[in-house]
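One structure is given here, and the rest of the page talks about it.
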Amino acid sequence: MSQKRVIAVDLGAESGRVVEVHIDGTILHHNEVYRFTNTPVQVQGTLHWDVLHLWHDIKSGIDMVEPGAASVGIDTWGVDFALLDTEGALISNPVHYRDGRTEGMMEWVFERVPRREVFERTGIQFMVINTLYQLASLVRNKNPLLDSAATLLTIPDLFHYWLSGARSCEFTHVSTTQCYNPKKGNWDFELLSALGIPTHIFPRIVQPITLHCYADSGIIRHGNCAVGI
């Protein structure tokens with residue numbers, strides 16, 4: 001059986017790596033081709049992910065892999081997100097989950113939607129870093145970003161979008177947001193609306209290993225795909 005090669009990009013809280021994976025049908029081999037730092041940046045009291053620098057490092061790592069890889073997949077932390085405008089441009093650097101903007105936001109949310117109802121709708125652990133409370137903080141503070149936003153993407157899906165042009169969110173990362181209703185199998189638009197969070201910014205949800213193929217972007221060779229994993 002001929003070997004198939006893929007590229008895996010793993011982003012952690014402090015570092016990232018690009019790994020080339022060979023599959024020969026029975027054995028999986030992996031080779032770390034590039035490792036880089038992931039350092040959040042403090043700007044005017046807000047802690048941000050430096051996604052442009054991460055994008056540069058992801059591209060650098062991909063360029064180190066021999067031509068012919070079948071696909072690229074990116075995995076990273078949950079809960080954090082990016083907002084795009086109607087043209088698909090990044091509106092601002094995504095905020096880091098360790099930023100203090102969600103302080104007191106759980107109480108603010110439960111005043112509008114009871115805690116029990118939030119859990120019944122979403123079924124995940126209550127953590128103040130969850131996407132739901134990050135978005136609620138933008139509503140509470142009347143942040144103009146939500147007025148300008150056309151699309152919300154989780155952090156790995158931001159990089160998938162830059163690789164493939166596909167604006168969608170992968171299921172496993174969506175499940176960390178506390179904005180997803182597992183009974184309905186979709187974003188919980190009723191919960192989001194009750195908190196004043198605009199629902200039109202939430203894109204379609206795709207399953208793991210969904211392929212987004214594209215023409216030559218100058219980053220990945222023609223005919224390859226970005227994979228939601």
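Scheme for the structure tokens: letters A, B, ... for chains in order shown; per-chain residue numbers from 1; ligand numbers from 1 in order shown.
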
According to DSSP computed on the backbone, where in region 90-202 of chain A is there alpha helix (DSSP H)? Give the residues as a PDB file with N, CA and C atoms, in the first residue's frame.
```pdb
ATOM      1  N   MET A 105     -19.380  37.673  34.465  1.00  0.00           N
ATOM      2  CA  MET A 105     -20.309  37.474  33.345  1.00  0.00           C
ATOM      3  C   MET A 105     -21.260  36.300  33.560  1.00  0.00           C
ATOM      4  N   MET A 106     -20.877  35.312  34.334  1.00  0.00           N
ATOM      5  CA  MET A 106     -21.800  34.219  34.583  1.00  0.00           C
ATOM      6  C   MET A 106     -23.039  34.730  35.320  1.00  0.00           C
ATOM      7  N   GLU A 107     -22.823  35.571  36.299  1.00  0.00           N
ATOM      8  CA  GLU A 107     -23.957  36.146  37.045  1.00  0.00           C
ATOM      9  C   GLU A 107     -24.824  36.999  36.125  1.00  0.00           C
ATOM     10  N   TRP A 108     -24.201  37.750  35.243  1.00  0.00           N
ATOM     11  CA  TRP A 108     -24.937  38.606  34.291  1.00  0.00           C
ATOM     12  C   TRP A 108     -25.810  37.739  33.380  1.00  0.00           C
ATOM     13  N   VAL A 109     -25.257  36.640  32.910  1.00  0.00           N
ATOM     14  CA  VAL A 109     -26.015  35.736  32.042  1.00  0.00           C
ATOM     15  C   VAL A 109     -27.171  35.102  32.793  1.00  0.00           C
ATOM     16  N   PHE A 110     -26.925  34.635  34.034  1.00  0.00           N
ATOM     17  CA  PHE A 110     -27.964  33.926  34.779  1.00  0.00           C
ATOM     18  C   PHE A 110     -29.101  34.840  35.213  1.00  0.00           C
ATOM     19  N   GLU A 111     -28.862  36.141  35.229  1.00  0.00           N
ATOM     20  CA  GLU A 111     -29.959  37.082  35.489  1.00  0.00           C
ATOM     21  C   GLU A 111     -30.939  37.123  34.322  1.00  0.00           C
ATOM     22  N   ARG A 112     -30.484  36.732  33.150  1.00  0.00           N
ATOM     23  CA  ARG A 112     -31.300  36.774  31.941  1.00  0.00           C
ATOM     24  C   ARG A 112     -31.800  35.396  31.517  1.00  0.00           C
ATOM     25  N   ARG A 115     -29.495  29.621  35.352  1.00  0.00           N
ATOM     26  CA  ARG A 115     -28.368  28.694  35.261  1.00  0.00           C
ATOM     27  C   ARG A 115     -28.823  27.301  34.854  1.00  0.00           C
ATOM     28  N   ARG A 116     -29.912  26.827  35.463  1.00  0.00           N
ATOM     29  CA  ARG A 116     -30.415  25.489  35.144  1.00  0.00           C
ATOM     30  C   ARG A 116     -30.775  25.378  33.665  1.00  0.00           C
ATOM     31  N   GLU A 117     -31.394  26.428  33.115  1.00  0.00           N
ATOM     32  CA  GLU A 117     -31.797  26.394  31.711  1.00  0.00           C
ATOM     33  C   GLU A 117     -30.573  26.398  30.796  1.00  0.00           C
ATOM     34  N   VAL A 118     -29.566  27.183  31.159  1.00  0.00           N
ATOM     35  CA  VAL A 118     -28.339  27.201  30.353  1.00  0.00           C
ATOM     36  C   VAL A 118     -27.743  25.795  30.294  1.00  0.00           C
ATOM     37  N   PHE A 119     -27.702  25.102  31.444  1.00  0.00           N
ATOM     38  CA  PHE A 119     -27.141  23.754  31.457  1.00  0.00           C
ATOM     39  C   PHE A 119     -28.016  22.780  30.677  1.00  0.00           C
ATOM     40  N   GLU A 120     -29.336  22.884  30.827  1.00  0.00           N
ATOM     41  CA  GLU A 120     -30.233  21.988  30.094  1.00  0.00           C
ATOM     42  C   GLU A 120     -30.099  22.170  28.596  1.00  0.00           C
ATOM     43  N   ARG A 121     -29.802  23.384  28.176  1.00  0.00           N
ATOM     44  CA  ARG A 121     -29.687  23.659  26.746  1.00  0.00           C
ATOM     45  C   ARG A 121     -28.329  23.231  26.185  1.00  0.00           C
ATOM     46  N   THR A 122     -27.266  23.376  26.977  1.00  0.00           N
ATOM     47  CA  THR A 122     -25.915  23.176  26.446  1.00  0.00           C
ATOM     48  C   THR A 122     -25.213  21.944  27.002  1.00  0.00           C
ATOM     49  N   THR A 131     -17.083  30.509  25.572  1.00  0.00           N
ATOM     50  CA  THR A 131     -17.414  31.491  24.530  1.00  0.00           C
ATOM     51  C   THR A 131     -18.676  32.263  24.864  1.00  0.00           C
ATOM     52  N   LEU A 132     -19.661  31.600  25.445  1.00  0.00           N
ATOM     53  CA  LEU A 132     -20.927  32.251  25.775  1.00  0.00           C
ATOM     54  C   LEU A 132     -20.702  33.487  26.628  1.00  0.00           C
ATOM     55  N   TYR A 133     -19.834  33.405  27.620  1.00  0.00           N
ATOM     56  CA  TYR A 133     -19.599  34.535  28.532  1.00  0.00           C
ATOM     57  C   TYR A 133     -18.686  35.575  27.892  1.00  0.00           C
ATOM     58  N   GLN A 134     -17.799  35.140  27.010  1.00  0.00           N
ATOM     59  CA  GLN A 134     -16.994  36.105  26.279  1.00  0.00           C
ATOM     60  C   GLN A 134     -17.872  36.969  25.377  1.00  0.00           C
ATOM     61  N   LEU A 135     -18.816  36.314  24.675  1.00  0.00           N
ATOM     62  CA  LEU A 135     -19.734  37.068  23.817  1.00  0.00           C
ATOM     63  C   LEU A 135     -20.657  37.955  24.648  1.00  0.00           C
ATOM     64  N   ALA A 136     -21.123  37.430  25.772  1.00  0.00           N
ATOM     65  CA  ALA A 136     -22.004  38.214  26.636  1.00  0.00           C
ATOM     66  C   ALA A 136     -21.302  39.466  27.146  1.00  0.00           C
ATOM     67  N   SER A 137     -19.983  39.375  27.368  1.00  0.00           N
ATOM     68  CA  SER A 137     -19.246  40.556  27.827  1.00  0.00           C
ATOM     69  C   SER A 137     -19.236  41.647  26.762  1.00  0.00           C
ATOM     70  N   LEU A 138     -19.223  41.246  25.474  1.00  0.00           N
ATOM     71  CA  LEU A 138     -19.295  42.243  24.404  1.00  0.00           C
ATOM     72  C   LEU A 138     -20.660  42.921  24.395  1.00  0.00           C
ATOM     73  N   VAL A 139     -21.712  42.143  24.667  1.00  0.00           N
ATOM     74  CA  VAL A 139     -23.064  42.715  24.727  1.00  0.00           C
ATOM     75  C   VAL A 139     -23.183  43.667  25.909  1.00  0.00           C
ATOM     76  N   ARG A 140     -22.748  43.214  27.071  1.00  0.00           N
ATOM     77  CA  ARG A 140     -22.853  44.043  28.277  1.00  0.00           C
ATOM     78  C   ARG A 140     -22.116  45.372  28.109  1.00  0.00           C
ATOM     79  N   LEU A 145     -17.746  45.754  18.146  1.00  0.00           N
ATOM     80  CA  LEU A 145     -17.290  44.639  17.323  1.00  0.00           C
ATOM     81  C   LEU A 145     -18.454  43.776  16.834  1.00  0.00           C
ATOM     82  N   LEU A 146     -19.424  43.538  17.701  1.00  0.00           N
ATOM     83  CA  LEU A 146     -20.557  42.696  17.314  1.00  0.00           C
ATOM     84  C   LEU A 146     -21.380  43.346  16.211  1.00  0.00           C
ATOM     85  N   ASP A 147     -21.444  44.667  16.204  1.00  0.00           N
ATOM     86  CA  ASP A 147     -22.191  45.367  15.148  1.00  0.00           C
ATOM     87  C   ASP A 147     -21.486  45.231  13.802  1.00  0.00           C
ATOM     88  N   SER A 148     -20.176  45.106  13.837  1.00  0.00           N
ATOM     89  CA  SER A 148     -19.391  45.021  12.597  1.00  0.00           C
ATOM     90  C   SER A 148     -19.218  43.590  12.106  1.00  0.00           C
ATOM     91  N   ILE A 155     -10.980  29.520  16.896  1.00  0.00           N
ATOM     92  CA  ILE A 155      -9.596  29.800  16.515  1.00  0.00           C
ATOM     93  C   ILE A 155      -9.056  28.819  15.473  1.00  0.00           C
ATOM     94  N   PRO A 156      -9.212  27.495  15.638  1.00  0.00           N
ATOM     95  CA  PRO A 156      -8.699  26.619  14.583  1.00  0.00           C
ATOM     96  C   PRO A 156      -9.405  26.837  13.257  1.00  0.00           C
ATOM     97  N   ASP A 157     -10.702  27.184  13.318  1.00  0.00           N
ATOM     98  CA  ASP A 157     -11.432  27.402  12.073  1.00  0.00           C
ATOM     99  C   ASP A 157     -11.058  28.715  11.406  1.00  0.00           C
ATOM    100  N   LEU A 158     -10.505  29.661  12.173  1.00  0.00           N
ATOM    101  CA  LEU A 158      -9.943  30.855  11.552  1.00  0.00           C
ATOM    102  C   LEU A 158      -8.783  30.463  10.646  1.00  0.00           C
ATOM    103  N   PHE A 159      -7.894  29.589  11.137  1.00  0.00           N
ATOM    104  CA  PHE A 159      -6.754  29.151  10.325  1.00  0.00           C
ATOM    105  C   PHE A 159      -7.213  28.252   9.176  1.00  0.00           C
ATOM    106  N   HIS A 160      -8.230  27.411   9.413  1.00  0.00           N
ATOM    107  CA  HIS A 160      -8.784  26.618   8.312  1.00  0.00           C
ATOM    108  C   HIS A 160      -9.345  27.540   7.221  1.00  0.00           C
ATOM    109  N   TYR A 161      -9.970  28.627   7.646  1.00  0.00           N
ATOM    110  CA  TYR A 161     -10.519  29.584   6.681  1.00  0.00           C
ATOM    111  C   TYR A 161      -9.403  30.243   5.873  1.00  0.00           C
ATOM    112  N   TRP A 162      -8.336  30.634   6.547  1.00  0.00           N
ATOM    113  CA  TRP A 162      -7.218  31.254   5.830  1.00  0.00           C
ATOM    114  C   TRP A 162      -6.538  30.267   4.892  1.00  0.00           C
ATOM    115  N   LEU A 163      -6.595  28.982   5.206  1.00  0.00           N
ATOM    116  CA  LEU A 163      -6.034  27.959   4.329  1.00  0.00           C
ATOM    117  C   LEU A 163      -6.945  27.632   3.151  1.00  0.00           C
ATOM    118  N   SER A 164      -8.256  27.604   3.396  1.00  0.00           N
ATOM    119  CA  SER A 164      -9.176  27.037   2.399  1.00  0.00           C
ATOM    120  C   SER A 164     -10.232  27.991   1.878  1.00  0.00           C
ATOM    121  N   PHE A 171     -17.401  20.750  14.674  1.00  0.00           N
ATOM    122  CA  PHE A 171     -18.279  20.346  15.769  1.00  0.00           C
ATOM    123  C   PHE A 171     -17.585  20.250  17.120  1.00  0.00           C
ATOM    124  N   THR A 172     -16.429  19.578  17.198  1.00  0.00           N
ATOM    125  CA  THR A 172     -15.837  19.351  18.515  1.00  0.00           C
ATOM    126  C   THR A 172     -15.431  20.656  19.193  1.00  0.00           C
ATOM    127  N   HIS A 173     -14.984  21.635  18.408  1.00  0.00           N
ATOM    128  CA  HIS A 173     -14.665  22.928  19.003  1.00  0.00           C
ATOM    129  C   HIS A 173     -15.928  23.703  19.356  1.00  0.00           C
ATOM    130  N   VAL A 174     -16.950  23.575  18.517  1.00  0.00           N
ATOM    131  CA  VAL A 174     -18.225  24.219  18.819  1.00  0.00           C
ATOM    132  C   VAL A 174     -18.777  23.730  20.152  1.00  0.00           C
ATOM    133  N   PHE A 189     -29.814  29.160  19.118  1.00  0.00           N
ATOM    134  CA  PHE A 189     -30.152  30.522  18.734  1.00  0.00           C
ATOM    135  C   PHE A 189     -31.095  31.189  19.733  1.00  0.00           C
ATOM    136  N   GLU A 190     -31.946  30.424  20.393  1.00  0.00           N
ATOM    137  CA  GLU A 190     -32.846  31.005  21.391  1.00  0.00           C
ATOM    138  C   GLU A 190     -32.063  31.532  22.589  1.00  0.00           C
ATOM    139  N   LEU A 191     -31.101  30.750  23.074  1.00  0.00           N
ATOM    140  CA  LEU A 191     -30.262  31.191  24.180  1.00  0.00           C
ATOM    141  C   LEU A 191     -29.461  32.424  23.798  1.00  0.00           C
ATOM    142  N   LEU A 192     -28.858  32.395  22.632  1.00  0.00           N
ATOM    143  CA  LEU A 192     -28.047  33.527  22.176  1.00  0.00           C
ATOM    144  C   LEU A 192     -28.889  34.783  22.035  1.00  0.00           C
ATOM    145  N   SER A 193     -30.085  34.650  21.466  1.00  0.00           N
ATOM    146  CA  SER A 193     -30.976  35.800  21.289  1.00  0.00           C
ATOM    147  C   SER A 193     -31.391  36.384  22.627  1.00  0.00           C
ATOM    148  N   ALA A 194     -31.646  35.519  23.613  1.00  0.00           N
ATOM    149  CA  ALA A 194     -32.068  35.979  24.931  1.00  0.00           C
ATOM    150  C   ALA A 194     -31.003  36.834  25.601  1.00  0.00           C
TER     151      ALA A 194
END
```

Item to check | Long-range neighbours of Tyr34 (chain A) as a PyMOL selection string, 10 Å cut-off, only C-alpha atoms, 2 positions minimum in chain | outcome: chain A and resi 9+16-20+31-32+36+57-58+60-65

Would you save the residues from that selection as a PDB file, in the first residue's frame, using N, CA and C atoms?
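File produced: selection_10.pdb:
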```pdb
ATOM      1  N   VAL A   9      -1.196  20.406  12.493  1.00  0.00           N
ATOM      2  CA  VAL A   9      -0.727  21.601  13.196  1.00  0.00           C
ATOM      3  C   VAL A   9      -1.374  21.593  14.586  1.00  0.00           C
ATOM      4  N   GLY A  16       3.500  25.931  19.574  1.00  0.00           N
ATOM      5  CA  GLY A  16       2.826  25.221  18.494  1.00  0.00           C
ATOM      6  C   GLY A  16       3.827  24.374  17.752  1.00  0.00           C
ATOM      7  N   ARG A  17       3.317  23.428  16.979  1.00  0.00           N
ATOM      8  CA  ARG A  17       4.219  22.590  16.190  1.00  0.00           C
ATOM      9  C   ARG A  17       3.512  22.145  14.917  1.00  0.00           C
ATOM     10  N   VAL A  18       4.300  21.928  13.891  1.00  0.00           N
ATOM     11  CA  VAL A  18       3.824  21.385  12.625  1.00  0.00           C
ATOM     12  C   VAL A  18       4.429  19.999  12.485  1.00  0.00           C
ATOM     13  N   VAL A  19       3.572  19.003  12.276  1.00  0.00           N
ATOM     14  CA  VAL A  19       4.006  17.611  12.250  1.00  0.00           C
ATOM     15  C   VAL A  19       3.621  16.989  10.917  1.00  0.00           C
ATOM     16  N   GLU A  20       4.571  16.312  10.295  1.00  0.00           N
ATOM     17  CA  GLU A  20       4.305  15.540   9.085  1.00  0.00           C
ATOM     18  C   GLU A  20       4.010  14.105   9.495  1.00  0.00           C
ATOM     19  N   ASN A  31       6.705  13.053  12.247  1.00  0.00           N
ATOM     20  CA  ASN A  31       7.965  13.771  12.329  1.00  0.00           C
ATOM     21  C   ASN A  31       7.681  15.246  12.562  1.00  0.00           C
ATOM     22  N   GLU A  32       8.121  15.760  13.696  1.00  0.00           N
ATOM     23  CA  GLU A  32       7.939  17.182  13.992  1.00  0.00           C
ATOM     24  C   GLU A  32       8.921  17.984  13.137  1.00  0.00           C
ATOM     25  N   PHE A  36       7.304  26.305  17.344  1.00  0.00           N
ATOM     26  CA  PHE A  36       7.366  27.759  17.534  1.00  0.00           C
ATOM     27  C   PHE A  36       6.651  28.142  18.812  1.00  0.00           C
ATOM     28  N   ASP A  57       3.928  31.464  11.400  1.00  0.00           N
ATOM     29  CA  ASP A  57       4.647  30.256  11.793  1.00  0.00           C
ATOM     30  C   ASP A  57       4.011  29.002  11.198  1.00  0.00           C
ATOM     31  N   ILE A  58       2.678  28.979  11.123  1.00  0.00           N
ATOM     32  CA  ILE A  58       2.010  27.825  10.501  1.00  0.00           C
ATOM     33  C   ILE A  58       2.440  27.696   9.046  1.00  0.00           C
ATOM     34  N   SER A  60       5.177  28.842   7.708  1.00  0.00           N
ATOM     35  CA  SER A  60       6.593  28.479   7.667  1.00  0.00           C
ATOM     36  C   SER A  60       6.763  26.986   7.865  1.00  0.00           C
ATOM     37  N   GLY A  61       6.013  26.411   8.807  1.00  0.00           N
ATOM     38  CA  GLY A  61       6.110  24.983   9.056  1.00  0.00           C
ATOM     39  C   GLY A  61       5.605  24.160   7.890  1.00  0.00           C
ATOM     40  N   ILE A  62       4.504  24.578   7.290  1.00  0.00           N
ATOM     41  CA  ILE A  62       3.955  23.864   6.139  1.00  0.00           C
ATOM     42  C   ILE A  62       4.943  23.881   4.973  1.00  0.00           C
ATOM     43  N   ASP A  63       5.617  25.007   4.795  1.00  0.00           N
ATOM     44  CA  ASP A  63       6.584  25.120   3.696  1.00  0.00           C
ATOM     45  C   ASP A  63       7.780  24.193   3.875  1.00  0.00           C
ATOM     46  N   MET A  64       7.999  23.709   5.101  1.00  0.00           N
ATOM     47  CA  MET A  64       9.121  22.808   5.353  1.00  0.00           C
ATOM     48  C   MET A  64       8.804  21.358   4.996  1.00  0.00           C
ATOM     49  N   VAL A  65       7.527  21.082   4.723  1.00  0.00           N
ATOM     50  CA  VAL A  65       7.113  19.724   4.401  1.00  0.00           C
ATOM     51  C   VAL A  65       7.284  19.490   2.908  1.00  0.00           C
TER      52      VAL A  65
END
```

Item to check | strand (DSSP E or B) residues, from DSSP on the backbone, in region 23-220 of chain A, as a PyMOL selection string | outcome: chain A and resi 23+28-37+41-43+46-48+71-75+81-84+90+95+151-154+169-170+180-181+186-187+205-206+210-213

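Near His200 (chain A), within 10 Å and counting only C-alpha atoms, sit Ala149, Ala150, Thr151, Leu152 and Phe189 of chain A, not including residues fewer than 4 positions from it in the same chain.
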
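Straight-line separation from CA of Ile7 (chain A) to CA of Thr210 (chain A): 14.9 Å.
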
Checklist entry - Which residues, written as a list in words, have at least one atom at most 10 Å from His96 (chain A), with only C-alpha atoms counted and residues fewer than 6 positions away on the same chain left out? => result Ala13, Pro40, Val41, Gln42, Thr46, Leu47, His48, Trp49, Asp50, Val79, Asp80, Phe81, Ile129 and Gln134 of chain A

Grab the residues selected above and save them as a short mmCIF file (atom, residue, chain, number, x, y, z; two decimals), in the first residue's frame with N, CA and C atoms.
```
data_model
loop_
_atom_site.label_atom_id
_atom_site.label_comp_id
_atom_site.auth_asym_id
_atom_site.auth_seq_id
_atom_site.Cartn_x
_atom_site.Cartn_y
_atom_site.Cartn_z
N ALA A 13 -1.18 26.32 24.46
CA ALA A 13 -1.26 27.64 25.10
C ALA A 13 0.06 28.39 25.07
N PRO A 40 0.90 35.26 24.04
CA PRO A 40 -0.16 36.27 23.98
C PRO A 40 0.40 37.67 24.18
N VAL A 41 -0.33 38.66 23.70
CA VAL A 41 0.14 40.04 23.71
C VAL A 41 -0.85 40.93 24.46
N GLN A 42 -0.32 41.72 25.39
CA GLN A 42 -1.16 42.65 26.15
C GLN A 42 -1.17 44.00 25.43
N THR A 46 -5.87 44.63 27.48
CA THR A 46 -6.54 43.43 26.99
C THR A 46 -5.50 42.43 26.49
N LEU A 47 -5.69 41.16 26.86
CA LEU A 47 -4.77 40.11 26.46
C LEU A 47 -5.28 39.44 25.19
N HIS A 48 -4.45 39.44 24.14
CA HIS A 48 -4.83 38.92 22.83
C HIS A 48 -3.98 37.72 22.43
N TRP A 49 -4.55 36.85 21.59
CA TRP A 49 -3.77 35.87 20.85
C TRP A 49 -3.13 36.59 19.65
N ASP A 50 -1.86 36.34 19.42
CA ASP A 50 -1.15 36.96 18.29
C ASP A 50 -1.34 36.08 17.05
N VAL A 79 -13.00 27.48 23.09
CA VAL A 79 -13.66 28.67 23.68
C VAL A 79 -13.33 30.00 23.00
N ASP A 80 -12.09 30.24 22.59
CA ASP A 80 -11.78 31.53 21.99
C ASP A 80 -12.21 31.57 20.53
N PHE A 81 -12.38 32.79 20.00
CA PHE A 81 -12.96 32.94 18.68
C PHE A 81 -12.45 34.21 18.01
N ILE A 129 -14.63 31.15 31.21
CA ILE A 129 -13.90 31.38 29.96
C ILE A 129 -14.69 30.93 28.74
N GLN A 134 -17.80 35.14 27.01
CA GLN A 134 -16.99 36.11 26.28
C GLN A 134 -17.87 36.97 25.38
#
```

Item to check | For CA of Tyr180 (chain A) and CA of Ile209 (chain A), the interatomic separation in Å (one decimal) | outcome: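 These two atoms are separated by 19.3 Å.
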
Checklist entry - Using only C-alpha atoms, which residue out of A:Thr76, A:Gln178, A:Thr86, A:Ser15 lies closest to Arg35 (chain A)? => result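 The answer is A:Ser15, which sits nearest to Arg35 (chain A).
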
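Distances from A:Val43, A:Leu54, A:Val95, A:Leu28 to Leu11 (chain A) were compared using only C-alpha atoms, and the smallest one belongs to A:Leu54.
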
Give me, as a PDB file with C-alpha atoms, in the first residue's frame, all polymer residues having an atom no more than 7 Å from Glu170 (chain A), counting only C-alpha atoms and skipping those fewer than 4 positions away in the same chain.
```
ATOM      1  CA  VAL A 174     -18.225  24.219  18.819  1.00  0.00           C
ATOM      2  CA  ILE A 205     -21.304  23.469  11.814  1.00  0.00           C
ATOM      3  CA  VAL A 206     -19.299  20.729  10.086  1.00  0.00           C
ATOM      4  CA  GLN A 207     -18.255  17.327  11.380  1.00  0.00           C
ATOM      5  CA  PRO A 208     -14.644  16.295  12.107  1.00  0.00           C
ATOM      6  CA  GLY A 228     -11.492  20.246  10.382  1.00  0.00           C
TER       7      GLY A 228
END
```

Checklist entry - Leu153 (chain A): which residues within 8 Å, counting only C-alpha atoms, same-chain residues fewer than 4 positions away excluded, as a list in words? => result Phe81, Ala82, Leu83, Leu84, Asp157, Leu158, Arg167, Ser168, Cys169, Phe202 and Pro203 of chain A

File of the preceding selection, C-alpha atoms, as an mmCIF file, in the first residue's frame:
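Below you can see selection_5.cif, which holds the result:
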```
data_model
loop_
_atom_site.group_PDB
_atom_site.id
_atom_site.type_symbol
_atom_site.label_atom_id
_atom_site.label_comp_id
_atom_site.auth_asym_id
_atom_site.auth_seq_id
_atom_site.Cartn_x
_atom_site.Cartn_y
_atom_site.Cartn_z
ATOM 1 C CA PHE A 81 -12.957 32.943 18.677
ATOM 2 C CA ALA A 82 -12.353 35.447 15.901
ATOM 3 C CA LEU A 83 -14.812 37.856 14.274
ATOM 4 C CA LEU A 84 -14.787 38.579 10.540
ATOM 5 C CA ASP A 157 -11.432 27.402 12.073
ATOM 6 C CA LEU A 158 -9.943 30.855 11.552
ATOM 7 C CA ARG A 167 -16.175 29.851 6.750
ATOM 8 C CA SER A 168 -17.532 27.097 8.981
ATOM 9 C CA CYS A 169 -17.034 25.784 12.516
ATOM 10 C CA PHE A 202 -22.753 31.831 13.598
ATOM 11 C CA PRO A 203 -21.795 29.778 10.522
#
```

Item to check | Option closest in space to Asn93 (chain A), from A:His53, A:Lys183, A:Lys4, A:Lys59 [counting only C-alpha atoms] | outcome: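 So, comparing all the options, the nearest one is A:His53.
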